[in-house]
file upload25.txt (compact mmCIF, C-alpha atoms)
# COMPACT_ATOMS: atom_id res chain seq x y z
CA MET D 151 13.13 -7.63 -10.10
CA THR D 152 13.18 -6.79 -13.82
CA GLU D 153 15.24 -3.88 -15.07
CA VAL D 154 14.38 -2.82 -18.58
CA ARG D 155 15.40 -0.11 -20.98
CA ASP D 156 14.39 0.23 -24.60
CA PRO D 157 17.00 2.28 -26.50
CA GLU D 158 14.28 3.54 -28.87
CA ALA D 159 12.25 4.82 -25.92
CA LEU D 160 15.05 7.00 -24.53
CA HIS D 161 14.85 9.96 -26.89
CA PRO D 162 12.34 9.18 -29.63
CA GLN D 163 11.29 12.09 -31.83
CA THR D 164 7.83 10.63 -32.40
CA LEU D 165 6.02 7.51 -31.33
CA TRP D 166 5.75 6.49 -34.99
CA ARG D 167 9.53 5.95 -35.04
CA ASN D 168 9.37 3.54 -32.12
CA ARG D 169 9.44 0.26 -34.05
CA ASN D 170 9.03 -1.88 -30.94
CA PHE D 171 5.79 -0.15 -29.97
CA SER D 172 4.57 -0.31 -33.58
CA ARG D 173 5.08 -4.09 -33.58
CA PHE D 174 3.25 -4.45 -30.27
CA TRP D 175 0.41 -2.17 -31.40
CA PHE D 176 -0.07 -4.01 -34.70
CA GLY D 177 -0.26 -7.41 -33.03
CA GLU D 178 -2.57 -6.17 -30.29
CA THR D 179 -4.89 -4.49 -32.82
CA VAL D 180 -5.25 -7.69 -34.84
CA SER D 181 -5.92 -9.78 -31.72
CA LEU D 182 -8.51 -7.26 -30.44
CA PHE D 183 -10.50 -7.71 -33.66
CA GLY D 184 -10.22 -11.46 -33.23
CA VAL D 185 -11.53 -11.21 -29.67
CA GLN D 186 -14.63 -9.38 -30.89
CA VAL D 187 -15.30 -12.18 -33.40
CA THR D 188 -15.04 -14.69 -30.58
CA ASN D 189 -17.35 -12.65 -28.35
CA LEU D 190 -20.08 -13.34 -30.90
CA ALA D 191 -19.05 -16.74 -32.28
CA LEU D 192 -18.45 -18.47 -28.93
CA PRO D 193 -21.94 -17.84 -27.48
CA LEU D 194 -23.49 -18.74 -30.83
CA THR D 195 -21.51 -21.98 -30.79
CA ALA D 196 -22.93 -22.76 -27.37
CA VAL D 197 -26.47 -21.91 -28.49
CA LEU D 198 -26.48 -23.49 -31.94
CA VAL D 199 -24.26 -26.53 -31.38
CA LEU D 200 -24.87 -27.35 -27.71
CA GLN D 201 -28.41 -25.94 -27.41
CA VAL D 202 -27.62 -24.37 -24.02
CA THR D 203 -30.23 -22.73 -21.81
CA PRO D 204 -29.99 -19.02 -20.86
CA GLU D 205 -28.80 -20.02 -17.39
CA GLN D 206 -26.05 -22.20 -18.85
CA LEU D 207 -24.99 -19.43 -21.22
CA GLY D 208 -24.80 -16.94 -18.34
CA LEU D 209 -22.67 -19.35 -16.33
CA LEU D 210 -20.43 -19.95 -19.32
CA ARG D 211 -19.89 -16.20 -19.72
CA SER D 212 -19.02 -15.82 -16.04
CA PHE D 213 -16.16 -18.33 -16.45
CA ALA D 214 -14.36 -15.79 -18.66
CA PHE D 215 -14.32 -13.20 -15.85
CA LEU D 216 -13.72 -15.35 -12.78
CA PRO D 217 -9.92 -15.41 -13.25
CA PHE D 218 -9.82 -11.61 -12.89
CA LEU D 219 -11.06 -11.96 -9.34
CA PHE D 220 -8.70 -14.69 -8.21
CA LEU D 221 -5.57 -14.57 -10.37
CA ALA D 222 -4.85 -10.92 -11.21
CA LEU D 223 -2.94 -10.29 -7.97
CA PRO D 224 -0.62 -13.32 -8.12
CA PHE D 225 -0.08 -12.69 -11.83
CA GLY D 226 0.94 -9.16 -10.90
CA VAL D 227 3.68 -10.60 -8.70
CA LEU D 228 4.76 -12.88 -11.56
CA ALA D 229 4.90 -9.93 -13.97
CA ASP D 230 7.17 -8.05 -11.57
CA ARG D 231 9.46 -11.06 -11.09
CA LYS D 232 9.76 -12.21 -14.70
CA ALA D 233 10.30 -10.71 -18.15
CA LYS D 234 6.90 -9.73 -19.49
CA ARG D 235 7.29 -10.37 -23.22
CA PRO D 236 7.74 -14.17 -22.90
CA LEU D 237 4.72 -14.33 -20.58
CA MET D 238 2.59 -12.53 -23.16
CA ILE D 239 3.83 -14.83 -25.92
CA TYR D 240 2.97 -17.94 -23.89
CA ALA D 241 -0.46 -16.54 -22.98
CA ASN D 242 -1.39 -15.87 -26.60
CA LEU D 243 -0.03 -19.19 -27.81
CA VAL D 244 -2.27 -21.01 -25.33
CA ARG D 245 -5.25 -18.84 -26.28
CA ALA D 246 -4.66 -19.58 -29.99
CA VAL D 247 -4.57 -23.33 -29.35
CA LEU D 248 -7.67 -23.35 -27.15
CA VAL D 249 -9.77 -21.17 -29.44
CA GLY D 250 -8.70 -23.30 -32.41
CA LEU D 251 -9.64 -26.44 -30.48
CA VAL D 252 -13.35 -25.52 -30.40
CA PRO D 253 -14.04 -25.96 -34.15
CA ILE D 254 -12.01 -29.18 -34.14
CA LEU D 255 -14.11 -30.65 -31.30
CA ALA D 256 -17.29 -29.45 -33.00
CA ALA D 257 -16.29 -31.10 -36.29
CA LEU D 258 -15.61 -34.35 -34.44
CA ASP D 259 -18.96 -34.08 -32.65
CA ALA D 260 -16.99 -34.15 -29.39
CA LEU D 261 -17.77 -30.63 -28.10
CA THR D 262 -19.61 -30.69 -24.78
CA LEU D 263 -20.64 -27.94 -22.38
CA PRO D 264 -18.12 -28.95 -19.69
CA ALA D 265 -15.35 -28.99 -22.30
CA LEU D 266 -16.36 -25.57 -23.63
CA ALA D 267 -16.59 -24.20 -20.08
CA ALA D 268 -13.08 -25.48 -19.32
CA ILE D 269 -11.75 -23.88 -22.52
CA VAL D 270 -13.41 -20.55 -21.67
CA LEU D 271 -12.00 -20.66 -18.14
CA VAL D 272 -8.41 -21.31 -19.27
CA ILE D 273 -8.72 -18.64 -21.96
CA GLY D 274 -9.81 -16.28 -19.19
CA VAL D 275 -6.73 -17.20 -17.16
CA CYS D 276 -4.48 -16.38 -20.14
CA THR D 277 -6.36 -13.14 -20.73
CA VAL D 278 -5.68 -12.00 -17.17
CA LEU D 279 -1.99 -12.81 -17.53
CA PHE D 280 -1.72 -10.99 -20.86
CA GLU D 281 -3.54 -7.86 -19.69
CA VAL D 282 -1.51 -7.57 -16.49
CA CYS D 283 1.67 -7.88 -18.54
CA TRP D 284 0.87 -5.54 -21.44
CA LEU D 285 -0.18 -2.68 -19.21
CA SER D 286 3.14 -3.07 -17.39
CA TYR D 287 5.08 -3.56 -20.63
CA VAL D 288 4.09 -0.36 -22.45
CA PRO D 289 6.24 1.82 -20.12
CA VAL D 290 9.13 -0.50 -20.99
CA ILE D 291 9.01 0.25 -24.72
CA VAL D 292 7.67 3.81 -24.59
CA SER D 293 9.10 6.90 -22.87
CA GLN D 294 6.92 8.72 -20.35
CA GLU D 295 6.36 11.66 -22.71
CA HIS D 296 4.65 9.29 -25.17
CA LEU D 297 2.63 7.17 -22.71
CA VAL D 298 -0.62 9.03 -23.39
CA ALA D 299 -0.21 8.69 -27.17
CA ALA D 300 0.68 4.99 -26.87
CA ASN D 301 -2.25 4.18 -24.61
CA GLY D 302 -4.47 6.23 -26.89
CA ARG D 303 -3.55 4.10 -29.89
CA VAL D 304 -4.29 0.87 -28.07
CA SER D 305 -7.58 2.32 -26.81
CA ALA D 306 -8.51 3.46 -30.33
CA SER D 307 -7.80 -0.05 -31.63
CA SER D 308 -10.01 -1.51 -28.92
CA SER D 309 -12.87 0.86 -29.75
CA ALA D 310 -12.49 0.24 -33.48
CA ALA D 311 -12.62 -3.50 -32.84
CA GLU D 312 -15.78 -3.08 -30.77
CA PHE D 313 -17.31 -1.11 -33.65
CA ALA D 314 -16.36 -3.36 -36.57
CA GLY D 315 -15.69 -6.67 -34.82
CA PRO D 316 -19.28 -7.78 -34.17
CA GLY D 317 -20.23 -7.12 -37.81
CA LEU D 318 -17.19 -9.05 -39.00
CA GLY D 319 -18.05 -11.82 -36.58
CA GLY D 320 -21.61 -11.95 -37.88
CA LEU D 321 -20.42 -12.30 -41.46
CA LEU D 322 -17.94 -15.03 -40.55
CA VAL D 323 -20.57 -16.94 -38.59
CA GLN D 324 -22.96 -16.67 -41.53
CA TRP D 325 -20.33 -17.80 -44.05
CA LEU D 326 -18.42 -20.37 -42.04
CA THR D 327 -20.72 -21.39 -39.11
CA ALA D 328 -20.04 -20.28 -35.55
CA PRO D 329 -17.33 -22.81 -34.62
CA LEU D 330 -15.28 -22.19 -37.78
CA ALA D 331 -15.48 -18.42 -37.26
CA LEU D 332 -13.34 -18.94 -34.15
CA VAL D 333 -10.42 -19.83 -36.42
CA ALA D 334 -10.12 -16.10 -37.15
CA ASN D 335 -9.42 -15.37 -33.49
CA ALA D 336 -6.92 -18.21 -33.23
CA GLY D 337 -5.09 -16.71 -36.20
CA SER D 338 -5.19 -13.23 -34.66
CA TYR D 339 -3.48 -14.49 -31.50
CA LEU D 340 -0.74 -16.02 -33.64
CA VAL D 341 -0.22 -12.65 -35.36
CA SER D 342 0.23 -11.10 -31.94
CA VAL D 343 2.73 -13.80 -31.00
CA VAL D 344 4.82 -13.10 -34.12
CA SER D 345 4.69 -9.34 -33.48
CA LEU D 346 5.84 -9.79 -29.88
CA TRP D 347 8.57 -12.18 -31.00
CA PHE D 348 10.18 -9.48 -33.14
CA ILE D 349 10.20 -6.81 -30.44
CA ARG D 350 13.80 -6.05 -29.53
CA VAL D 351 13.87 -4.71 -25.98
CA PRO D 352 16.37 -6.21 -23.52
CA GLU D 353 14.54 -7.28 -20.37
CA VAL D 354 17.31 -8.17 -17.95
CA VAL D 355 15.86 -10.10 -15.05
CA THR D 356 18.11 -9.63 -12.05
CA PRO D 357 17.90 -12.25 -9.29
CA SER D 358 15.97 -11.14 -6.24
CA PRO D 359 15.69 -12.81 -2.85
CA LYS D 360 12.84 -15.26 -2.45
CA ARG D 361 9.87 -13.52 -0.93
CA HIS D 362 6.47 -14.68 0.20
CA ILE D 363 3.91 -14.12 -2.55
CA GLY D 364 1.37 -12.87 -0.03
CA LYS D 365 3.76 -10.17 1.15
CA GLU D 366 4.44 -9.09 -2.42
CA ILE D 367 0.71 -8.89 -3.17
CA ALA D 368 0.21 -6.89 0.01
CA GLU D 369 3.03 -4.56 -1.03
CA GLY D 370 1.27 -3.83 -4.32
CA VAL D 371 -2.10 -3.22 -2.66
CA LYS D 372 -0.45 -1.03 -0.01
CA PHE D 373 1.15 1.05 -2.76
CA ILE D 374 -2.24 1.62 -4.42
CA VAL D 375 -3.91 2.57 -1.15
CA GLY D 376 -1.05 4.84 -0.14
CA GLN D 377 -0.61 6.60 -3.49
CA PRO D 378 -3.16 9.48 -3.64
CA TYR D 379 -3.79 9.39 -7.40
CA LEU D 380 -4.05 5.59 -7.60
CA ARG D 381 -6.38 5.46 -4.61
CA VAL D 382 -8.80 7.86 -6.28
CA LEU D 383 -8.61 6.10 -9.65
CA ALA D 384 -9.28 2.73 -8.00
CA VAL D 385 -12.38 3.93 -6.14
CA ALA D 386 -13.82 5.82 -9.12
CA GLY D 387 -13.00 2.99 -11.53
CA ALA D 388 -14.65 0.37 -9.34
CA ALA D 389 -17.76 2.54 -8.97
CA PHE D 390 -17.89 3.18 -12.73
CA ASN D 391 -17.57 -0.51 -13.57
CA PHE D 392 -20.30 -1.35 -11.04
CA CYS D 393 -22.67 1.09 -12.76
CA TYR D 394 -21.57 -0.01 -16.23
CA MET D 395 -22.31 -3.67 -15.49
CA PHE D 396 -25.58 -2.55 -13.87
CA VAL D 397 -26.62 -0.88 -17.14
CA GLU D 398 -25.38 -3.78 -19.25
CA ALA D 399 -27.57 -6.18 -17.27
CA LEU D 400 -30.71 -4.12 -17.94
CA PHE D 401 -30.35 -2.37 -21.28
CA VAL D 402 -30.93 -5.24 -23.73
CA ILE D 403 -34.03 -6.42 -21.87
CA TYR D 404 -35.26 -2.81 -21.61
CA ALA D 405 -34.65 -2.21 -25.31
CA VAL D 406 -36.50 -5.36 -26.37
CA ARG D 407 -39.40 -5.46 -23.91
CA GLU D 408 -40.17 -1.79 -23.30
CA LEU D 409 -38.73 0.07 -26.30
CA HIS D 410 -39.52 -2.78 -28.73
CA PHE D 411 -36.19 -2.41 -30.53
CA SER D 412 -35.17 -5.11 -33.01
CA PRO D 413 -31.86 -6.96 -32.55
CA GLY D 414 -30.50 -5.16 -35.61
CA LEU D 415 -31.36 -1.76 -34.14
CA ILE D 416 -29.73 -2.67 -30.84
CA GLY D 417 -26.61 -3.74 -32.73
CA LEU D 418 -26.60 -0.43 -34.61
CA ILE D 419 -26.81 1.51 -31.33
CA VAL D 420 -23.88 -0.47 -29.92
CA ALA D 421 -21.84 0.14 -33.07
CA MET D 422 -22.58 3.87 -33.13
CA SER D 423 -21.63 4.21 -29.47
CA ALA D 424 -18.33 2.49 -30.18
CA ILE D 425 -17.53 5.32 -32.62
CA GLY D 426 -17.52 7.60 -29.58
CA GLY D 427 -14.79 5.43 -28.10
CA VAL D 428 -12.77 5.57 -31.32
CA LEU D 429 -12.97 9.36 -31.48
CA GLY D 430 -12.23 9.79 -27.79
CA ALA D 431 -9.14 7.61 -27.96
CA ALA D 432 -8.00 9.37 -31.14
CA VAL D 433 -8.08 12.86 -29.60
CA ALA D 434 -6.92 11.98 -26.07
CA SER D 435 -3.21 12.60 -26.63
CA THR D 436 -3.90 15.88 -28.48
CA LEU D 437 -6.10 17.12 -25.64
CA VAL D 438 -3.51 16.25 -23.01
CA ARG D 439 -0.79 17.92 -25.04
CA ARG D 440 -2.71 21.16 -25.55
CA PHE D 441 -4.59 21.56 -22.27
CA PRO D 442 -3.84 21.01 -18.57
CA PHE D 443 -3.84 17.29 -17.78
CA GLY D 444 -6.22 17.57 -14.81
CA LYS D 445 -8.80 19.62 -16.71
CA VAL D 446 -8.78 17.15 -19.60
CA TYR D 447 -9.26 14.24 -17.23
CA VAL D 448 -12.10 15.75 -15.21
CA GLY D 449 -13.76 17.01 -18.41
CA ALA D 450 -13.71 13.49 -19.86
CA VAL D 451 -15.15 12.15 -16.62
CA ALA D 452 -17.94 14.74 -16.70
CA VAL D 453 -18.90 13.73 -20.26
CA GLY D 454 -18.57 9.98 -19.75
CA TYR D 455 -20.24 9.76 -16.36
CA ALA D 456 -23.14 12.10 -17.27
CA GLY D 457 -23.88 10.51 -20.65
CA PRO D 458 -25.88 7.57 -19.20
CA LEU D 459 -28.54 10.03 -17.96
CA LEU D 460 -29.77 10.25 -21.56
CA ILE D 461 -30.57 6.51 -21.73
CA PRO D 462 -33.59 6.37 -19.39
CA ALA D 463 -34.46 10.02 -20.20
CA ALA D 464 -35.03 9.25 -23.90
CA ALA D 465 -38.74 9.55 -24.71
CA GLY D 466 -41.13 10.45 -27.52
CA SER D 467 -41.13 8.85 -30.94
CA THR D 468 -39.06 5.83 -31.82
CA LEU D 469 -36.59 8.05 -33.67
CA THR D 470 -36.07 10.45 -30.76
CA ILE D 471 -35.68 7.55 -28.34
CA VAL D 472 -33.05 5.94 -30.60
CA ILE D 473 -31.20 9.25 -30.88
CA GLY D 474 -31.32 9.81 -27.11
CA VAL D 475 -30.18 6.32 -26.19
CA THR D 476 -27.42 6.34 -28.82
CA ALA D 477 -26.24 9.76 -27.64
CA GLY D 478 -26.10 8.49 -24.06
CA PHE D 479 -23.92 5.53 -24.94
CA PHE D 480 -21.87 7.61 -27.40
CA LEU D 481 -20.99 10.23 -24.78
CA MET D 482 -20.27 7.55 -22.18
CA ARG D 483 -17.87 5.73 -24.50
CA ALA D 484 -16.19 8.94 -25.72
CA GLY D 485 -15.59 10.26 -22.22
CA LEU D 486 -14.52 6.85 -21.01
CA ALA D 487 -11.98 6.51 -23.82
CA VAL D 488 -10.29 9.82 -22.98
CA SER D 489 -10.36 9.20 -19.22
CA ASN D 490 -9.06 5.65 -19.67
CA VAL D 491 -6.12 6.82 -21.78
CA ALA D 492 -5.27 9.61 -19.34
CA GLY D 493 -5.88 7.48 -16.25
CA THR D 494 -3.83 4.53 -17.50
CA SER D 495 -0.97 6.87 -18.38
CA LEU D 496 -1.16 8.51 -14.95
CA ARG D 497 -1.02 5.11 -13.25
CA GLN D 498 2.00 4.09 -15.29
CA ALA D 499 3.74 7.43 -14.73
CA VAL D 500 3.57 7.40 -10.92
CA THR D 501 4.39 3.71 -10.39
CA PRO D 502 7.96 2.37 -10.06
CA GLN D 503 8.76 -0.30 -12.65
CA ALA D 504 9.38 -2.84 -9.87
CA LEU D 505 5.74 -2.45 -8.76
CA MET D 506 4.13 -2.03 -12.18
CA GLY D 507 2.76 -5.56 -12.48
CA ARG D 508 1.35 -5.63 -8.96
CA MET D 509 -0.14 -2.15 -9.33
CA THR D 510 -1.84 -3.16 -12.59
CA ALA D 511 -3.12 -6.40 -11.09
CA GLY D 512 -4.33 -4.69 -7.94
CA MET D 513 -6.20 -2.04 -9.90
CA ARG D 514 -7.81 -4.71 -12.10
CA THR D 515 -8.88 -6.73 -9.08
CA ILE D 516 -10.36 -3.73 -7.28
CA MET D 517 -12.12 -2.37 -10.34
CA TRP D 518 -13.50 -5.64 -11.68
CA GLY D 519 -13.98 -7.36 -8.32
CA ILE D 520 -16.49 -4.69 -7.32
CA GLY D 521 -17.62 -4.00 -10.87
CA THR D 522 -18.81 -7.53 -11.61
CA THR D 523 -21.35 -7.31 -8.76
CA GLY D 524 -23.09 -4.52 -10.67
CA ALA D 525 -24.73 -7.02 -13.03
CA ILE D 526 -26.27 -8.87 -10.08
CA ALA D 527 -27.41 -5.60 -8.49
CA GLY D 528 -28.86 -4.43 -11.80
CA GLY D 529 -30.95 -7.57 -12.16
CA VAL D 530 -32.30 -7.29 -8.62
CA VAL D 531 -33.06 -3.56 -8.80
CA GLY D 532 -34.52 -3.83 -12.29
CA GLY D 533 -36.76 -6.68 -11.22
CA TYR D 534 -37.94 -4.80 -8.13
CA LEU D 535 -38.31 -1.22 -9.42
CA GLY D 536 -38.71 -1.85 -13.14
CA LEU D 537 -36.24 -1.67 -16.00
CA ARG D 538 -36.40 2.07 -16.71
CA ALA D 539 -36.27 2.95 -13.02
CA GLY D 540 -33.27 0.65 -12.66
CA LEU D 541 -31.49 2.54 -15.45
CA TRP D 542 -32.21 5.81 -13.63
CA VAL D 543 -30.62 4.36 -10.49
CA ALA D 544 -27.53 3.45 -12.49
CA ALA D 545 -27.40 6.91 -14.12
CA VAL D 546 -27.41 8.61 -10.73
CA GLY D 547 -24.81 6.10 -9.58
CA PHE D 548 -22.50 7.23 -12.41
CA LEU D 549 -22.65 10.81 -11.12
CA LEU D 550 -21.78 9.68 -7.59
CA ALA D 551 -18.91 7.62 -9.01
CA ALA D 552 -17.39 10.82 -10.43
CA LEU D 553 -17.24 12.59 -7.05
CA PRO D 554 -13.94 11.01 -5.84
CA ILE D 555 -12.20 12.38 -8.94
CA VAL D 556 -13.85 15.81 -8.86
CA LEU D 557 -12.95 16.25 -5.17
CA SER D 558 -9.37 14.97 -5.55
CA ALA D 559 -6.15 16.74 -6.50
CA ILE D 560 -6.28 15.33 -10.04
CA PRO D 561 -8.29 18.24 -11.56
CA ARG D 562 -5.55 20.64 -10.40
CA LEU D 563 -2.75 18.82 -12.24
CA LYS D 564 -1.21 20.96 -14.97
CA ASP D 565 1.01 18.16 -16.31
CA MET D 566 1.16 14.43 -15.72
CA PRO D 567 3.43 13.97 -12.68
CA THR D 568 6.62 11.95 -12.69
CA ARG D 569 7.30 9.13 -10.21
CA GLU D 570 9.54 11.44 -8.20
CA GLN D 571 6.89 14.19 -8.01
CA ALA D 572 4.18 11.70 -7.00
CA SER D 573 6.21 10.04 -4.23
call {"tool": "encode", "arguments": {"input": "upload25.txt", "output": "structure tokens"}}
result
Amino acid sequence: MTEVRDPEALHPQTLWRNRNFSRFWFGETVSLFGVQVTNLALPLTAVLVLQVTPEQLGLLRSFAFLPFLFLALPFGVLADRKAKRPLMIYANLVRAVLVGLVPILAALDALTLPALAAIVLVIGVCTVLFEVCWLSYVPVIVSQEHLVAANGRVSASSSAAEFAGPGLGGLLVQWLTAPLALVANAGSYLVSVVSLWFIRVPEVVTPSPKRHIGKEIAEGVKFIVGQPYLRVLAVAGAAFNFCYMFVEALFVIYAVRELHFSPGLIGLIVAMSAIGGVLGAAVASTLVRRFPFGKVYVGAVAVGYAGPLLIPAAAGSTLTIVIGVTAGFFLMRAGLAVSNVAGTSLRQAVTPQALMGRMTAGMRTIMWGIGTTGAIAGGVVGGYLGLRAGLWVAAVGFLLAALPIVLSAIPRLKDMPTREQAS
């Protein structure tokens, strides 16, 4: 068991005065931009250097997500047993080394597909460990009254990185070649390591009796299933991710083959939709502060889950189709940003610190375990019914995914509950 208390988080006047969170946020923001560079440079390295086939590229991409399915739960136990900051430092050190290894192997003409696949897989393992830890670590360095604002800042950084990162990655690939562009991400992980190193929060790990890891995992899952708010968030989140991956599997093909969009236009649509995420994350804490928590959450869900209806509905001239599709993704990302900030804060608020890692891991496993099957379903449905019809199926699916939240007690919440109120 880990007992933690950040003196700055006890009675901070504003989140800006919390130096420990500011250090974490700065490092995470830099690394998020680096990740977006890698998301473009790594596939281009595989295509341009290794001349991979589409099937090989798809398999390579899946290696980055496989660890979420198999390692999130045991990593959740680890995060509850150990101090989280050292685990995050180790995870980012390993990611920096592995990402930096790719351009070295390429320069030596020693980069192979199996080697790249192994690197991607281990990076994925470290990513799972880091994400489980940081979501459990924020409540350590931030008081409950500032959880929404803290999560909003991280979410805004993520959306900003998704907006600007691909363009930055494209420039770096053009200037430096794809493998060398990965050096930027390696450097960004090192910035995060330094930022984490200078955080001064005492994490006192108290000895606990040896317990079976399976029982500890089961305890975390049981807590999620038994906690009314978490249960609803898990079901709705899994359904949303399923539909999101469904759309992601179809949209690019639909845009190219049926809408005849150029790659540059598709990139512009993605960038403009990311602005919705930036704005949503930026206003989330203000909305929660000024309006009832439950109404803000369900309003964000209504916007985010209904937005995808505009994607297959867009028709007419090329301009009106672009506007419709962009608006659909923009609304989805804006609503998702607000609901993610509020939902993450709600999860952190109602979960005891001793269960925080396992709760986070369990939610990730449920949401992404089901969500990743959406891409497979999207390909099958799109191939059988057609691409536009497949997008309509996904759009209706988003509306159904919102029902567990709309019918739950969450819309009636005036304020975010405390752990004692939720128990």
call {"tool": "closest_residue", "arguments": {"input": "upload25.txt", "among": "D:Met513, D:Leu297, D:Ala389, D:Leu400", "to": "Met566 in chain D", "atoms": "all atoms listed in the file"}}
result
D:Leu297
call {"tool": "residues_around", "arguments": {"input": "upload25.txt", "residues": "Ala191 in chain D", "least_positions_apart": "6", "cutoff": "9 Å", "atoms": "only C-alpha atoms", "output": "list in words"}}
result
Gly319, Gly320, Leu322, Val323, Thr327, Ala328, Pro329, Leu330, Ala331 and Leu332 of chain D
call {"tool": "residues_around", "arguments": {"input": "upload25.txt", "residues": "Phe280 in chain D", "least_positions_apart": "6", "cutoff": "9 Å", "atoms": "all atoms listed in the file", "output": "PDB file with C-alpha atoms, in the coordinates of the input"}}
result
ATOM      1  CA  LYS D 234       6.900  -9.730 -19.490  1.00  0.00           C
ATOM      2  CA  LEU D 237       4.720 -14.330 -20.580  1.00  0.00           C
ATOM      3  CA  MET D 238       2.590 -12.530 -23.160  1.00  0.00           C
ATOM      4  CA  ILE D 239       3.830 -14.830 -25.920  1.00  0.00           C
ATOM      5  CA  TYR D 240       2.970 -17.940 -23.890  1.00  0.00           C
ATOM      6  CA  ALA D 241      -0.460 -16.540 -22.980  1.00  0.00           C
ATOM      7  CA  ASN D 242      -1.390 -15.870 -26.600  1.00  0.00           C
TER       8      ASN D 242
END
call {"tool": "closest_residue", "arguments": {"input": "upload25.txt", "among": "D:Pro236, D:Gly547, D:Gly454, D:Gly250", "to": "Tyr287 in chain D", "atoms": "only C-alpha atoms"}}
result
D:Pro236
call {"tool": "closest_residue", "arguments": {"input": "upload25.txt", "among": "D:Cys283, D:Met509, D:Leu550, D:Ala545", "to": "Gly376 in chain D", "atoms": "only C-alpha atoms"}}
result
D:Met509
call {"tool": "closest_residue", "arguments": {"input": "upload25.txt", "among": "D:Gly457, D:Val298, D:Ile473, D:Thr515", "to": "Arg439 in chain D", "atoms": "all atoms listed in the file"}}
result
D:Val298
call {"tool": "residues_around", "arguments": {"input": "upload25.txt", "residues": "Asn301 in chain D", "least_positions_apart": "2", "cutoff": "10 Å", "atoms": "all atoms listed in the file", "output": "PyMOL selection string"}}
result
chain D and resi 175+285+288-289+292+296-299+303-307+431+434-435+488+490-495
call {"tool": "residues_around", "arguments": {"input": "upload25.txt", "residues": "Ala465 in chain D", "least_positions_apart": "4", "cutoff": "12 Å", "atoms": "all atoms listed in the file", "output": "PyMOL selection string"}}
result
chain D and resi 408-409+460-461+469-475+538
call {"tool": "write_last_selection", "arguments": {"input": "upload25.txt", "atoms": "C-alpha atoms", "output": "mmCIF file, in the coordinates of the input"}}
result
data_model
loop_
_atom_site.group_PDB
_atom_site.id
_atom_site.type_symbol
_atom_site.label_atom_id
_atom_site.label_comp_id
_atom_site.auth_asym_id
_atom_site.auth_seq_id
_atom_site.Cartn_x
_atom_site.Cartn_y
_atom_site.Cartn_z
ATOM 1 C CA GLU D 408 -40.170 -1.790 -23.300
ATOM 2 C CA LEU D 409 -38.730 0.070 -26.300
ATOM 3 C CA LEU D 460 -29.770 10.250 -21.560
ATOM 4 C CA ILE D 461 -30.570 6.510 -21.730
ATOM 5 C CA LEU D 469 -36.590 8.050 -33.670
ATOM 6 C CA THR D 470 -36.070 10.450 -30.760
ATOM 7 C CA ILE D 471 -35.680 7.550 -28.340
ATOM 8 C CA VAL D 472 -33.050 5.940 -30.600
ATOM 9 C CA ILE D 473 -31.200 9.250 -30.880
ATOM 10 C CA GLY D 474 -31.320 9.810 -27.110
ATOM 11 C CA VAL D 475 -30.180 6.320 -26.190
ATOM 12 C CA ARG D 538 -36.400 2.070 -16.710
#
call {"tool": "atom_distance", "arguments": {"input": "upload25.txt", "atom1": "CA of Asn189 in chain D", "atom2": "CA of Glu312 in chain D"}}
result
10.0 Å
call {"tool": "axis_aligned_box", "arguments": {"input": "upload25.txt", "around": "range 229-240 of chain D", "padding_each_side": "6 Å", "output": "lines of an AutoDock Vina configuration file"}}
result
center_x = 6.4
center_y = -13.0
center_z = -18.5
size_x = 19.7
size_y = 21.9
size_z = 26.8
call {"tool": "atom_distance", "arguments": {"input": "upload25.txt", "atom1": "CA of Val453 in chain D", "atom2": "CA of Gly485 in chain D"}}
result
5.2 Å
call {"tool": "atom_distance", "arguments": {"input": "upload25.txt", "atom1": "CA of Leu346 in chain D", "atom2": "CA of Lys232 in chain D"}}
result
15.9 Å
call {"tool": "residues_around", "arguments": {"input": "upload25.txt", "residues": "Glu178 in chain D", "least_positions_apart": "4", "cutoff": "10 Å", "atoms": "only C-alpha atoms", "output": "JSON, numbers by chain"}}
result
{"D": [172, 173, 174, 182, 183, 184, 284, 304, 307, 308, 338, 339, 341, 342, 343, 345, 346]}
call {"tool": "closest_residue", "arguments": {"input": "upload25.txt", "among": "D:Leu216, D:Ala432, D:Leu210, D:Ala424", "to": "Ala300 in chain D", "atoms": "all atoms listed in the file"}}
result
D:Ala432
call {"tool": "closest_residue", "arguments": {"input": "upload25.txt", "among": "D:Tyr447, D:Phe480, D:Phe548, D:Trp325", "to": "Leu383 in chain D", "atoms": "all atoms listed in the file"}}
result
D:Tyr447
call {"tool": "decode", "arguments": {"input": "upload25.txt", "residues": "range 405-409 of chain D", "atoms": "N, CA and C atoms", "output": "compact mmCIF listing (two decimals), in the first residue's frame"}}
result
# COMPACT_ATOMS: atom_id res chain seq x y z
N ALA D 405 -13.29 8.46 -47.28
CA ALA D 405 -12.91 9.79 -47.75
C ALA D 405 -12.16 9.73 -49.08
N VAL D 406 -11.32 8.73 -49.25
CA VAL D 406 -10.52 8.62 -50.47
C VAL D 406 -11.33 8.04 -51.63
N ARG D 407 -12.04 6.96 -51.38
CA ARG D 407 -12.69 6.23 -52.48
C ARG D 407 -14.05 6.79 -52.87
N GLU D 408 -14.81 7.30 -51.91
CA GLU D 408 -16.16 7.76 -52.23
C GLU D 408 -16.27 9.29 -52.25
N LEU D 409 -15.54 9.97 -51.36
CA LEU D 409 -15.59 11.43 -51.35
C LEU D 409 -14.48 12.04 -52.19
